[in-house]
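Report on the following structure.
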Amino acid sequence: MKKINILGLILVGLIFSQLLSCKKPDDKIIINPIVKQGLPLYDIDSNEYASVQIGQQFWMQENLRTYHFANGHLISGLWVYDFDTAAVEDYGLLYSWIMVNDTCRICPDGWHVPTRHEFAVLVEYLGGQKLAGGYLKERGLDHWDEPNEGANNEAKWNGRGGGYFSAVSNLFINRKKIGYWWSSTANSPEKSFLITLDKMSMDVDFTNYPKDFGFSVRCVSDSLDLTVKKF
């Protein structure tokens, strides 16, 4: 009988296991979302917003900054972060959920505040909660503090760290650190769902806050492009 070369078998096993091993730790998962520039839209105050198609959804590329409902009535529950009116163009206004859910409608005609499910569809399309934040966050440090981890903005959503207004402390908090966007979905009589993007990660967090807090609003179109399929 031929002698079995134990050392040789071990080496062959090691090489084979390397070939079957998972991706290298530094390999990145690549998502290729269908992203198309949309037509501009206007709110009741004649503010112009760029729009983008991400998969089957059409989104505003900017945060809402109107002072009036779609019917022209003044919105009472809104705030300018740190009373810095010059920054409204960059970050938009902060709104209470009560205004978001008002029947007068806060978004332009043909658009609405997204439901929690619509946000979930967006996040899933962009790779899930652990990846989508990178595709949604604006690159660089113009509207984020360091490190703005993983931001590539390949979805052209232009997410910025708009911060929020706390109705408890009566303070403005976390500008350039975290972005917060209301959904239209209530979590309880006191709280509602929203998503957040953070300077420290590529995560998208689904959470809930009291309805009298002030957060950013991003509108989504009432229409869907059903000809487009997920990658």
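Every chain in the structure tokens takes a letter, A first, then B, and so on in the order presented; its residues are numbered from 1, and the ligands are numbered from 1 following the presented order.
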Spatial neighbours of stretch 101-108 of chain A, max dist 10 Å, only C-alpha atoms, sep filter under 2 positions, as a short mmCIF file (atom, residue, chain, number, x, y, z; two decimals) with C-alpha atoms, in the first residue's frame:
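The new file out.cif reads:
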data_model
loop_
_atom_site.label_atom_id
_atom_site.label_comp_id
_atom_site.auth_asym_id
_atom_site.auth_seq_id
_atom_site.Cartn_x
_atom_site.Cartn_y
_atom_site.Cartn_z
CA LEU A 41 -42.34 70.00 -8.83
CA TYR A 42 -43.62 73.01 -6.90
CA ASP A 43 -45.34 73.55 -3.57
CA ILE A 44 -48.02 76.13 -2.81
CA ASP A 45 -45.30 78.68 -1.93
CA SER A 46 -43.74 78.22 -5.40
CA LEU A 64 -40.07 70.09 2.26
CA ARG A 65 -39.85 73.82 3.07
CA THR A 66 -43.36 75.15 2.56
CA TYR A 67 -45.06 77.37 5.16
CA HIS A 68 -48.54 76.61 3.81
CA PHE A 69 -50.75 73.60 3.23
CA ALA A 70 -51.66 72.69 -0.34
CA ASN A 71 -54.93 74.64 0.08
CA GLY A 72 -53.04 77.81 1.06
CA HIS A 73 -53.75 77.71 4.82
CA ILE A 75 -49.04 75.62 8.78
CA TYR A 95 -42.82 69.84 11.06
CA SER A 96 -44.91 68.23 13.76
CA TRP A 97 -46.65 64.99 12.80
CA ILE A 98 -49.99 66.66 13.48
CA MET A 99 -49.30 68.91 10.49
CA GLY A 110 -50.00 64.55 -6.56
CA TRP A 111 -47.54 63.86 -3.75
CA HIS A 112 -47.87 62.65 -0.15
CA VAL A 113 -45.91 61.93 3.02
CA SER A 183 -43.74 58.77 7.91
CA SER A 184 -47.51 59.21 7.81
CA THR A 185 -47.98 56.04 9.88
CA ALA A 186 -48.93 56.38 13.55
CA LYS A 211 -46.13 63.56 17.42
CA VAL A 217 -40.55 65.74 5.61
CA ARG A 218 -39.80 64.15 2.25
CA CYS A 219 -42.70 63.62 -0.15
CA VAL A 220 -43.26 60.69 -2.52
CA SER A 221 -45.38 60.70 -5.66
#
Please build the interface table for stretch 45-80 of chain A against stretch 137-153 of chain A with a cut-off of 12 Å, listing for each qualifying residue the nearest atom pair and the distance in Å to one decimal; count only C-alpha atoms, order rows by chain and increasing number, and write it as a tab-separated table.
residue	atom	partner	partner_atom	distance
A:Ile54	CA	A:Asn153	CA	11.8
A:Gln61	CA	A:Glu138	CA	10.4
A:Glu62	CA	A:Glu138	CA	10.8
Residues of the last selection are to be written out with C-alpha atoms, as a short mmCIF file (atom, residue, chain, number, x, y, z; two decimals), in the first residue's frame.
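Result file follows (again-v7.cif):
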data_model
loop_
_atom_site.label_atom_id
_atom_site.label_comp_id
_atom_site.auth_asym_id
_atom_site.auth_seq_id
_atom_site.Cartn_x
_atom_site.Cartn_y
_atom_site.Cartn_z
CA ILE A 54 -35.75 55.06 -7.39
CA GLN A 61 -34.68 65.00 -3.69
CA GLU A 62 -35.04 67.76 -1.11
#
Within 7 Å of A:Phe193, counting only C-alpha atoms, which residues show up once you throw out same-chain ones fewer than 5 positions away? Write them as an mmCIF file with C-alpha atoms, in the first residue's frame, please.
data_model
loop_
_atom_site.group_PDB
_atom_site.id
_atom_site.type_symbol
_atom_site.label_atom_id
_atom_site.label_comp_id
_atom_site.auth_asym_id
_atom_site.auth_seq_id
_atom_site.Cartn_x
_atom_site.Cartn_y
_atom_site.Cartn_z
ATOM 1 C CA ARG A 116 -43.848 53.375 6.926
ATOM 2 C CA TRP A 182 -41.602 61.517 9.377
ATOM 3 C CA SER A 183 -43.744 58.770 7.912
ATOM 4 C CA THR A 185 -47.976 56.038 9.884
ATOM 5 C CA ALA A 186 -48.927 56.385 13.549
ATOM 6 C CA ASN A 187 -47.413 53.997 16.069
ATOM 7 C CA PHE A 206 -36.971 52.753 11.880
ATOM 8 C CA THR A 207 -38.084 54.326 15.138
ATOM 9 C CA ASN A 208 -40.915 56.380 16.637
ATOM 10 C CA TYR A 209 -41.197 59.721 18.415
#
Closest contacts (stretch 78-182 of chain A/stretch 35-38 of chain A, max 12 Å, only C-alpha atoms) as a Markdown table:
| residue | atom | partner | partner_atom | distance |
| --- | --- | --- | --- | --- |
| A:Leu122 | CA | A:Val35 | CA | 11.8 |
| A:Tyr125 | CA | A:Val35 | CA | 11.3 |
| A:Leu126 | CA | A:Val35 | CA | 10.9 |
| A:Tyr135 | CA | A:Val35 | CA | 11.1 |
| A:Leu136 | CA | A:Val35 | CA | 11.8 |
| A:Asn153 | CA | A:Val35 | CA | 10.9 |
| A:Glu154 | CA | A:Val35 | CA | 8.1 |
| A:Ala155 | CA | A:Val35 | CA | 6.1 |
| A:Lys156 | CA | A:Val35 | CA | 7.5 |
| A:Trp157 | CA | A:Val35 | CA | 9.7 |
Write the residues of the preceding selection, restricted to C-alpha atoms, as an mmCIF file, in the first residue's frame.
data_model
loop_
_atom_site.group_PDB
_atom_site.id
_atom_site.type_symbol
_atom_site.label_atom_id
_atom_site.label_comp_id
_atom_site.auth_asym_id
_atom_site.auth_seq_id
_atom_site.Cartn_x
_atom_site.Cartn_y
_atom_site.Cartn_z
ATOM 1 C CA LEU A 122 -37.232 52.086 -0.521
ATOM 2 C CA TYR A 125 -34.696 48.107 -2.719
ATOM 3 C CA LEU A 126 -31.375 49.649 -1.685
ATOM 4 C CA TYR A 135 -27.155 55.055 -0.829
ATOM 5 C CA LEU A 136 -29.491 57.676 0.671
ATOM 6 C CA ASN A 153 -25.696 58.894 -2.516
ATOM 7 C CA GLU A 154 -26.039 56.537 -5.472
ATOM 8 C CA ALA A 155 -29.822 56.705 -5.111
ATOM 9 C CA LYS A 156 -29.612 60.515 -5.531
ATOM 10 C CA TRP A 157 -31.921 60.945 -2.526
#
Would you please give, as a PyMOL selection string, all residues of stretch 35-86 of chain A that DSSP assigns to helix (DSSP H, G or I) based on the backbone? chain A and resi 81-83+85-86
As a PyMOL selection string, please: the residues near A:Asn174 (cut-off 9 Å, only C-alpha atoms, same-chain neighbours under 5 positions excluded). chain A and resi 161-164+179
Closest to A:Phe213 among A:Gln53, A:Asn47, A:Ser192, A:Thr115, using only C-alpha atoms? A:Ser192
Please identify the strand (DSSP E) residues within chain A (assignment by DSSP from backbone atoms) and present them as an MDAnalysis selection string. chainID A and resid 35:37 41:42 48:49 51:54 57:60 78:79 94:95 111:112 162:166 171:175 178:186 191:198 204:210 220:221
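Using only C-alpha atoms for every distance, the candidate list A:Gln129, A:Asn32, A:Asn63, A:Thr85 yields A:Gln129 as the residue closest to A:Met202.
For the choices A:Met60, A:Val88, A:Leu94, A:Ala120, the atom-to-atom distance to A:Gly159 is smallest for A:Met60 when using only C-alpha atoms.
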Could you jot down the atom CA of A:Ser169 to atom CA of A:Asp212 separation for me, Å, one decimal place? 11.9 Å
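In this structure, atom CA of A:Gly92 sits 13.9 Å away from atom CA of A:Phe172.
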Excluding A:Leu197 and residues on its chain fewer than 2 positions from it, collect all residues at most 9 Å away from it, counting only C-alpha atoms, and give them as a count of residues only. 20
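Among the candidate residues A:Leu93, A:Leu131, A:Asn158, A:Asp225, the one lying nearest to A:Ala50 is A:Asn158, with distances computed using only C-alpha atoms.
The coordinates place atom CA of A:Ile31 at 12.0 Å from atom CA of A:Gly55.
Of the residues listed (A:Phe165, A:Leu194, A:Pro189, A:Lys176), A:Phe165 shows the shortest atom-to-atom separation from A:Leu78; distances use only C-alpha atoms.
Ranking A:Gly127, A:Ala132, A:Leu39, A:Ser76 by their shortest atom-to-atom distance to A:Ser51, with only C-alpha atoms included, puts A:Leu39 first.
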